[in-house]
Amino acid sequence: MEKIRTRDEVSQESTWNLTDLFGTDAEWEQELRSLPEAAVDIETFKGRLGEGAEQLLACLDAREALQERIVKTASYARLKQSEDSTNPVNIENSAKAGDILSFLSSSLSFVNSEIADLPEGTVERYIAELPGLEPYARSLNLLLQEKAHRLSPETEKVLASLGEVLDSPYRIYLRGKLADMTFDDALDGEDNNRPLSWSFYENNYEMSSDTKLRRSAYAAFSSKLNDYKNTFAEGYATEVKKQVVLSRLRGYDDVTDMLLSPQQVSKEMYNNILDIIQQELAPHMRKLAALKKRELGLDKLMFCDLKAPLDPEFSPAITYEEACTLIREALAVLGPEYGEIVERAFSERWVDYADNAGKSTGAFCSSIYGAHSYILISWANNMRGAFTLAHEVGHAGHFMLAGRYQRITNTRPSLYFIEAPSTMNEMLLADHLLKRSDNPRMRRWVILQLLNTYYHNFVTHLLEGELQRQVYALATKDEPITAKLLSELKGNILSAFWGPDLVVDEGAKLTWMRQPHYYMGLYPYTYAAGLTASTAAAGLIREEGQPAVDRWLEALKAGGSLAPQELMKLAGVDMSGPEPIRAAVAYVGSLVDELERLYS
């Protein structure tokens, strides 16, 4: 029987090795306390950035060096909290880090303010005069483009000092979700009690072939969510109001313009992803849902049945070690440099795959410039986990390459591109699995795994993006954001997409409570944007082989040195129009059609 283990009860080899960052918490705290002293040195440039290109370069170099230390120190605190948020030491250290990082942000806010206030043409002249400024050219030009939306230096300093407060809605959400929520047991098909946690539900029970267990766990899970809905809604409403107020203060036409600005994405590109996929994918997904209901002999199709396995008798378990081997093989096509990163991730404990109380749900990759990436996942011995692991390894490979070929200033690309390298690895894993066997049942199973990837990115995250779009539109009109409104909106979105055959019950309407992405700006829709690009790029790799692989690796190595459209063009994909989106949706449709044929 499953057991919800504490962090102390999981094996060390299933956890990440944070001593690569700091040997002990004491070493970390010593570094944290030393950061403000380094910031004082940078403040000596205050009021002097107009003296010449050399002064600007010296200031930017000093800030970049400090930024590398800040990222390492902040990441350590975040990772410790992510591995176990029930540990009070982790919570205390996270708060310490937050306070000092807000102080540093406030102290260093003068740099961008002074650069933006330099006379027109000064920055361009400095870059032309001093080659050492060239690595900063892109970030400087982006800063100047936002000049009209910057507030006075004093106001920017105050806002920076409030960073810890302004980020509190997300932290409150995580505390409630990971530290405070406990669930009643679920019942399986043999009437046995099964322990329930957030991780157990999303990584195991939601995909169970046992319909009684799946629905019982869903009912218990949803019941607990319902207990917290008003608290969670208030936190999310605060996050939304914050963004709306900031957009008005900064003089944007609306909050969406402000949130898309750092992504370097037009509203047309944003709306294309949301509109085209919802409209054109819905018929394919409804066909898949009908197939699932028929093949599983379900009396009705509930929201909690959407992830049930279509072929439960052919769903081989896979250990973490087996998944690592499979991913190594699948990603070998990307060459030795990429393969070396993958090997290090698995052999040097970059991955935390334990399942313990207080651990963050879902999965993520945190890449630390000057060190290496860390991946969080909770392993449940199923193939969905293998695809998720490949996805996070995609982030690791991307940022390790970007960090190798770019300075920290140019490492991170736009969010619009950031999910392309991760979803590419899922495409490559599926291709590898399909090549390994001609067995029709195996092919059917692999197609199901691939459709899970599209479900996750083109449905789950995309419909999150649609909820965001509607919520921000209402908040801009000063409509109050409540639990009742959020549940109504979510229910309507699900019904519009899935049609009348899906039972959208009260638990389904509460799925707005399940994802942290709502606290990360306009992030959810970018999963679909990234998968659109990786679908096209994976097709080019199948058609062209090595030339397409080489282009893809160049895009990864470019990091954030180019705009997202330019990165995608470097990989051979033009995202300026709707064609790649429609092509990706059509590809999903072809998979569903083939699946139907294989089941008939």
# chains A, B, ... in the order shown; residues from 1 in each chain; ligands from 1
$ select_by_dssp --residues "segment 229-381 of chain A" --states "strand (DSSP E or B)" --output "count of residues only"
13
$ atom_distance --atom1 "atom CA of Leu35 of chain A" --atom2 "atom CA of Ser373 of chain A"
22.2 Å
$ atom_distance --atom1 "atom CA of Ala558 of chain A" --atom2 "atom CA of Ala345 of chain A"
21.2 Å
$ atom_distance --atom1 "atom CA of Asp210 of chain A" --atom2 "atom CA of Asp505 of chain A"
19.9 Å
$ residues_around --residues "Val504 of chain A" --least-positions-apart "4" --cutoff "10 Å" --atoms "only C-alpha atoms" --output "number ranges by chain"
A: 301-304, 490-492, 494-495, 498-500, 508-509
$ residues_around --residues "segment 338-340 of chain A" --least-positions-apart "5" --cutoff "10 Å" --atoms "only C-alpha atoms" --output "compact mmCIF listing (two decimals) with N, CA and C atoms, in the first residue's frame"
# COMPACT_ATOMS: atom_id res chain seq x y z
N ILE A 327 15.54 7.74 -22.26
CA ILE A 327 15.73 9.15 -22.64
C ILE A 327 17.12 9.37 -23.23
N ARG A 328 18.12 8.76 -22.65
CA ARG A 328 19.48 8.84 -23.22
C ARG A 328 19.46 8.40 -24.68
N GLU A 329 18.82 7.26 -24.94
CA GLU A 329 18.77 6.71 -26.30
C GLU A 329 18.01 7.65 -27.24
N LEU A 331 17.49 10.87 -27.06
CA LEU A 331 18.10 12.18 -27.28
C LEU A 331 19.49 12.08 -27.90
N ALA A 332 19.95 10.88 -28.18
CA ALA A 332 21.27 10.72 -28.81
C ALA A 332 21.32 11.43 -30.16
N VAL A 333 20.17 11.59 -30.80
CA VAL A 333 20.12 12.27 -32.10
C VAL A 333 20.63 13.71 -32.00
N ALA A 345 23.07 14.90 -15.88
CA ALA A 345 21.81 15.10 -15.15
C ALA A 345 21.42 13.83 -14.40
N GLY A 394 14.80 18.63 -21.29
CA GLY A 394 14.86 19.58 -22.40
C GLY A 394 15.17 20.99 -21.92
N ALA A 396 16.79 21.62 -19.13
CA ALA A 396 18.17 21.56 -18.65
C ALA A 396 19.16 21.65 -19.80
N GLY A 397 18.93 20.86 -20.85
CA GLY A 397 19.83 20.90 -22.00
C GLY A 397 19.88 22.28 -22.64
N HIS A 398 18.71 22.90 -22.74
CA HIS A 398 18.63 24.24 -23.32
C HIS A 398 19.47 25.24 -22.53
N MET A 400 21.72 24.76 -20.13
CA MET A 400 23.14 24.44 -20.00
C MET A 400 23.90 24.87 -21.26
N LEU A 401 23.31 24.65 -22.43
CA LEU A 401 23.94 25.11 -23.67
C LEU A 401 23.96 26.63 -23.75
N LEU A 553 20.13 23.00 -32.51
CA LEU A 553 21.15 23.23 -31.49
C LEU A 553 21.63 24.66 -31.49
$ closest_residue --among "A:Val255, A:Ala219, A:Ala317, A:Ala65" --to "Arg407 of chain A" --atoms "only C-alpha atoms"
A:Ala65
$ residues_around --residues "segment 153-157 of chain A" --least-positions-apart "3" --cutoff "8 Å" --atoms "only C-alpha atoms" --output "tab-separated table (two decimals) with N, CA, C and O atoms, in the first residue's frame"
chain	number	residue	atom	x	y	z
A	105	SER	N	17.17	44.30	-4.98
A	105	SER	CA	16.44	44.81	-6.13
A	105	SER	C	16.20	46.31	-6.01
A	105	SER	O	16.35	47.06	-6.98
A	106	SER	N	15.87	46.73	-4.81
A	106	SER	CA	15.66	48.17	-4.57
A	106	SER	C	16.97	48.94	-4.72
A	106	SER	O	17.02	49.99	-5.37
A	107	SER	N	18.04	48.40	-4.16
A	107	SER	CA	19.34	49.09	-4.21
A	107	SER	C	19.84	49.26	-5.63
A	107	SER	O	20.47	50.28	-5.97
A	109	SER	N	17.97	49.29	-8.41
A	109	SER	CA	16.97	49.80	-9.35
A	109	SER	C	17.45	51.07	-10.05
A	109	SER	O	16.97	51.41	-11.13
A	110	PHE	N	18.40	51.77	-9.44
A	110	PHE	CA	18.88	53.03	-10.03
A	110	PHE	C	19.54	52.79	-11.39
A	110	PHE	O	19.55	53.69	-12.25
A	113	SER	N	16.99	52.85	-14.15
A	113	SER	CA	16.39	54.18	-14.18
A	113	SER	C	17.34	55.20	-14.81
A	113	SER	O	16.94	56.02	-15.64
A	114	GLU	N	18.60	55.15	-14.43
A	114	GLU	CA	19.57	56.11	-14.99
A	114	GLU	C	19.81	55.85	-16.47
A	114	GLU	O	19.94	56.81	-17.25
A	150	ARG	N	8.31	53.39	-17.81
A	150	ARG	CA	9.03	53.41	-16.55
A	150	ARG	C	8.55	54.58	-15.70
A	150	ARG	O	8.20	55.65	-16.21
A	160	ALA	N	10.50	48.09	-6.18
A	160	ALA	CA	11.48	47.02	-6.05
A	160	ALA	C	11.60	46.56	-4.60
A	160	ALA	O	11.74	45.36	-4.31
A	161	SER	N	11.54	47.50	-3.68
A	161	SER	CA	11.67	47.16	-2.25
A	161	SER	C	10.46	46.37	-1.76
A	161	SER	O	10.54	45.65	-0.77
$ residues_around --residues "Glu419 of chain A" --least-positions-apart "3" --cutoff "7 Å" --atoms "only C-alpha atoms" --output "ChimeraX atom specification"
/A:422-423,526-527,530-531
$ write_last_selection --atoms "C-alpha atoms" --output "PDB file, in the first residue's frame"
ATOM      1  CA  SER A 422      11.240  20.879 -23.516  1.00  0.00           C
ATOM      2  CA  THR A 423       8.415  19.665 -25.746  1.00  0.00           C
ATOM      3  CA  THR A 526       3.256  29.633 -24.027  1.00  0.00           C
ATOM      4  CA  TYR A 527       3.233  25.848 -23.539  1.00  0.00           C
ATOM      5  CA  GLY A 530       6.398  26.083 -27.628  1.00  0.00           C
ATOM      6  CA  LEU A 531       4.790  22.787 -28.635  1.00  0.00           C
TER       7      LEU A 531
END
$ closest_residue --among "A:Glu51, A:Glu544, A:Glu343, A:Asp478" --to "Pro119 of chain A" --atoms "only C-alpha atoms"
A:Glu51
$ select_by_dssp --residues "segment 440-590 of chain A" --states "alpha helix (DSSP H)" --output "JSON, numbers by chain"
{"A": [440, 441, 442, 443, 444, 445, 446, 447, 448, 449, 450, 451, 452, 453, 454, 461, 462, 463, 464, 465, 466, 467, 468, 469, 470, 471, 472, 473, 474, 475, 476, 483, 484, 485, 486, 487, 488, 489, 490, 491, 492, 493, 494, 495, 496, 497, 498, 506, 507, 508, 509, 524, 525, 526, 527, 528, 529, 530, 531, 532, 533, 534, 535, 536, 537, 538, 539, 540, 541, 542, 543, 544, 546, 547, 548, 549, 550, 551, 552, 553, 554, 555, 556, 557, 564, 565, 566, 567, 568, 569, 570, 579, 580, 581, 582, 583, 584, 585, 586, 587, 588, 589, 590]}
$ residues_around --residues "Glu202 of chain A" --least-positions-apart "4" --cutoff "9 Å" --atoms "only C-alpha atoms" --output "PyMOL selection string"
chain A and resi 197-198+206-207+361-362
$ closest_residue --among "A:Glu120, A:Asp299, A:Glu64, A:Glu566" --to "Val265 of chain A" --atoms "only C-alpha atoms"
A:Glu566
$ closest_residue --among "A:Leu556, A:Leu433, A:Ala529, A:Val342" --to "Tyr405 of chain A" --atoms "only C-alpha atoms"
A:Leu556
$ closest_atom_pairs --of "segment 203-302 of chain A" --to "segment 521-525 of chain A" --cutoff "10 Å" --atoms "only C-alpha atoms" --output "CSV"
residue,atom,partner,partner_atom,distance
A:Glu239,CA,A:Gly521,CA,9.3
A:Val240,CA,A:Gly521,CA,9.1
A:Gln243,CA,A:Gly521,CA,8.4
A:Val255,CA,A:Gly521,CA,10.0
A:Thr256,CA,A:Leu522,CA,8.0
A:Met258,CA,A:Gly521,CA,9.6
A:Leu259,CA,A:Gly521,CA,6.2
A:Leu260,CA,A:Leu522,CA,7.1
A:Gln263,CA,A:Leu522,CA,9.0
A:Tyr270,CA,A:Tyr525,CA,7.8
A:Asn271,CA,A:Tyr525,CA,9.5
A:Ile273,CA,A:Tyr525,CA,7.2
A:Leu274,CA,A:Tyr525,CA,7.0
$ closest_residue --among "A:Lys80, A:Arg597, A:Lys293, A:Arg7" --to "Asp25 of chain A" --atoms "only C-alpha atoms"
A:Lys80
$ decode --residues "segment 478-489 of chain A" --atoms "all heavy atoms" --output "PDB file, in the first residue's frame"
ATOM      1  N   ASP A 478     -12.717  46.273 -13.784  1.00  0.00           N
ATOM      2  CA  ASP A 478     -12.902  46.348 -12.331  1.00  0.00           C
ATOM      3  C   ASP A 478     -13.991  45.416 -11.815  1.00  0.00           C
ATOM      4  O   ASP A 478     -14.628  45.677 -10.791  1.00  0.00           O
ATOM      5  CB  ASP A 478     -13.186  47.793 -11.891  1.00  0.00           C
ATOM      6  CG  ASP A 478     -12.009  48.709 -12.152  1.00  0.00           C
ATOM      7  OD1 ASP A 478     -10.875  48.290 -11.881  1.00  0.00           O
ATOM      8  OD2 ASP A 478     -12.214  49.834 -12.638  1.00  0.00           O
ATOM      9  N   GLU A 479     -14.207  44.305 -12.505  1.00  0.00           N
ATOM     10  CA  GLU A 479     -15.111  43.274 -12.008  1.00  0.00           C
ATOM     11  C   GLU A 479     -14.421  42.521 -10.871  1.00  0.00           C
ATOM     12  O   GLU A 479     -13.257  42.139 -10.992  1.00  0.00           O
ATOM     13  CB  GLU A 479     -15.474  42.293 -13.127  1.00  0.00           C
ATOM     14  CG  GLU A 479     -16.294  42.887 -14.250  1.00  0.00           C
ATOM     15  CD  GLU A 479     -17.759  43.011 -13.890  1.00  0.00           C
ATOM     16  OE1 GLU A 479     -18.194  42.362 -12.913  1.00  0.00           O
ATOM     17  OE2 GLU A 479     -18.462  43.760 -14.583  1.00  0.00           O
ATOM     18  N   PRO A 480     -15.104  42.264  -9.753  1.00  0.00           N
ATOM     19  CA  PRO A 480     -14.472  41.507  -8.660  1.00  0.00           C
ATOM     20  C   PRO A 480     -14.226  40.055  -9.063  1.00  0.00           C
ATOM     21  O   PRO A 480     -15.084  39.407  -9.676  1.00  0.00           O
ATOM     22  CB  PRO A 480     -15.488  41.608  -7.517  1.00  0.00           C
ATOM     23  CG  PRO A 480     -16.789  41.937  -8.180  1.00  0.00           C
ATOM     24  CD  PRO A 480     -16.461  42.715  -9.418  1.00  0.00           C
ATOM     25  N   ILE A 481     -13.038  39.544  -8.730  1.00  0.00           N
ATOM     26  CA  ILE A 481     -12.661  38.164  -9.046  1.00  0.00           C
ATOM     27  C   ILE A 481     -12.907  37.312  -7.808  1.00  0.00           C
ATOM     28  O   ILE A 481     -12.211  37.442  -6.795  1.00  0.00           O
ATOM     29  CB  ILE A 481     -11.182  38.076  -9.480  1.00  0.00           C
ATOM     30  CG1 ILE A 481     -10.897  39.066 -10.614  1.00  0.00           C
ATOM     31  CG2 ILE A 481     -10.834  36.658  -9.904  1.00  0.00           C
ATOM     32  CD1 ILE A 481     -11.750  38.885 -11.851  1.00  0.00           C
ATOM     33  N   THR A 482     -13.914  36.459  -7.865  1.00  0.00           N
ATOM     34  CA  THR A 482     -14.308  35.630  -6.724  1.00  0.00           C
ATOM     35  C   THR A 482     -14.236  34.155  -7.097  1.00  0.00           C
ATOM     36  O   THR A 482     -14.110  33.794  -8.269  1.00  0.00           O
ATOM     37  CB  THR A 482     -15.748  35.962  -6.306  1.00  0.00           C
ATOM     38  OG1 THR A 482     -16.636  35.600  -7.386  1.00  0.00           O
ATOM     39  CG2 THR A 482     -15.910  37.449  -5.998  1.00  0.00           C
ATOM     40  N   ALA A 483     -14.360  33.302  -6.080  1.00  0.00           N
ATOM     41  CA  ALA A 483     -14.362  31.856  -6.328  1.00  0.00           C
ATOM     42  C   ALA A 483     -15.548  31.475  -7.213  1.00  0.00           C
ATOM     43  O   ALA A 483     -15.420  30.633  -8.110  1.00  0.00           O
ATOM     44  CB  ALA A 483     -14.422  31.104  -5.005  1.00  0.00           C
ATOM     45  N   LYS A 484     -16.686  32.085  -6.973  1.00  0.00           N
ATOM     46  CA  LYS A 484     -17.870  31.789  -7.780  1.00  0.00           C
ATOM     47  C   LYS A 484     -17.630  32.140  -9.243  1.00  0.00           C
ATOM     48  O   LYS A 484     -17.937  31.341 -10.143  1.00  0.00           O
ATOM     49  CB  LYS A 484     -19.069  32.584  -7.239  1.00  0.00           C
ATOM     50  CG  LYS A 484     -20.376  32.354  -7.985  1.00  0.00           C
ATOM     51  CD  LYS A 484     -21.513  33.095  -7.274  1.00  0.00           C
ATOM     52  CE  LYS A 484     -22.849  32.861  -7.979  1.00  0.00           C
ATOM     53  NZ  LYS A 484     -22.920  33.491  -9.301  1.00  0.00           N
ATOM     54  N   LEU A 485     -17.055  33.311  -9.498  1.00  0.00           N
ATOM     55  CA  LEU A 485     -16.784  33.727 -10.869  1.00  0.00           C
ATOM     56  C   LEU A 485     -15.769  32.799 -11.527  1.00  0.00           C
ATOM     57  O   LEU A 485     -15.961  32.361 -12.673  1.00  0.00           O
ATOM     58  CB  LEU A 485     -16.263  35.158 -10.893  1.00  0.00           C
ATOM     59  CG  LEU A 485     -15.803  35.667 -12.260  1.00  0.00           C
ATOM     60  CD1 LEU A 485     -16.988  35.828 -13.203  1.00  0.00           C
ATOM     61  CD2 LEU A 485     -15.046  36.979 -12.134  1.00  0.00           C
ATOM     62  N   LEU A 486     -14.670  32.488 -10.831  1.00  0.00           N
ATOM     63  CA  LEU A 486     -13.626  31.645 -11.403  1.00  0.00           C
ATOM     64  C   LEU A 486     -14.168  30.261 -11.759  1.00  0.00           C
ATOM     65  O   LEU A 486     -13.841  29.706 -12.813  1.00  0.00           O
ATOM     66  CB  LEU A 486     -12.453  31.526 -10.438  1.00  0.00           C
ATOM     67  CG  LEU A 486     -11.627  32.800 -10.234  1.00  0.00           C
ATOM     68  CD1 LEU A 486     -10.687  32.663  -9.039  1.00  0.00           C
ATOM     69  CD2 LEU A 486     -10.827  33.137 -11.490  1.00  0.00           C
ATOM     70  N   SER A 487     -15.001  29.696 -10.882  1.00  0.00           N
ATOM     71  CA  SER A 487     -15.575  28.380 -11.158  1.00  0.00           C
ATOM     72  C   SER A 487     -16.544  28.432 -12.329  1.00  0.00           C
ATOM     73  O   SER A 487     -16.579  27.512 -13.159  1.00  0.00           O
ATOM     74  CB  SER A 487     -16.281  27.844  -9.911  1.00  0.00           C
ATOM     75  OG  SER A 487     -15.339  27.584  -8.878  1.00  0.00           O
ATOM     76  N   GLU A 488     -17.331  29.504 -12.409  1.00  0.00           N
ATOM     77  CA  GLU A 488     -18.250  29.642 -13.544  1.00  0.00           C
ATOM     78  C   GLU A 488     -17.483  29.762 -14.857  1.00  0.00           C
ATOM     79  O   GLU A 488     -17.826  29.113 -15.858  1.00  0.00           O
ATOM     80  CB  GLU A 488     -19.141  30.868 -13.343  1.00  0.00           C
ATOM     81  CG  GLU A 488     -20.218  30.685 -12.282  1.00  0.00           C
ATOM     82  CD  GLU A 488     -21.023  31.960 -12.050  1.00  0.00           C
ATOM     83  OE1 GLU A 488     -20.637  33.020 -12.618  1.00  0.00           O
ATOM     84  OE2 GLU A 488     -22.010  31.906 -11.294  1.00  0.00           O
ATOM     85  N   LEU A 489     -16.446  30.592 -14.857  1.00  0.00           N
ATOM     86  CA  LEU A 489     -15.646  30.778 -16.074  1.00  0.00           C
ATOM     87  C   LEU A 489     -14.999  29.460 -16.494  1.00  0.00           C
ATOM     88  O   LEU A 489     -15.030  29.084 -17.671  1.00  0.00           O
ATOM     89  CB  LEU A 489     -14.571  31.843 -15.852  1.00  0.00           C
ATOM     90  CG  LEU A 489     -15.032  33.288 -15.683  1.00  0.00           C
ATOM     91  CD1 LEU A 489     -13.836  34.188 -15.370  1.00  0.00           C
ATOM     92  CD2 LEU A 489     -15.757  33.798 -16.921  1.00  0.00           C
TER      93      LEU A 489
END
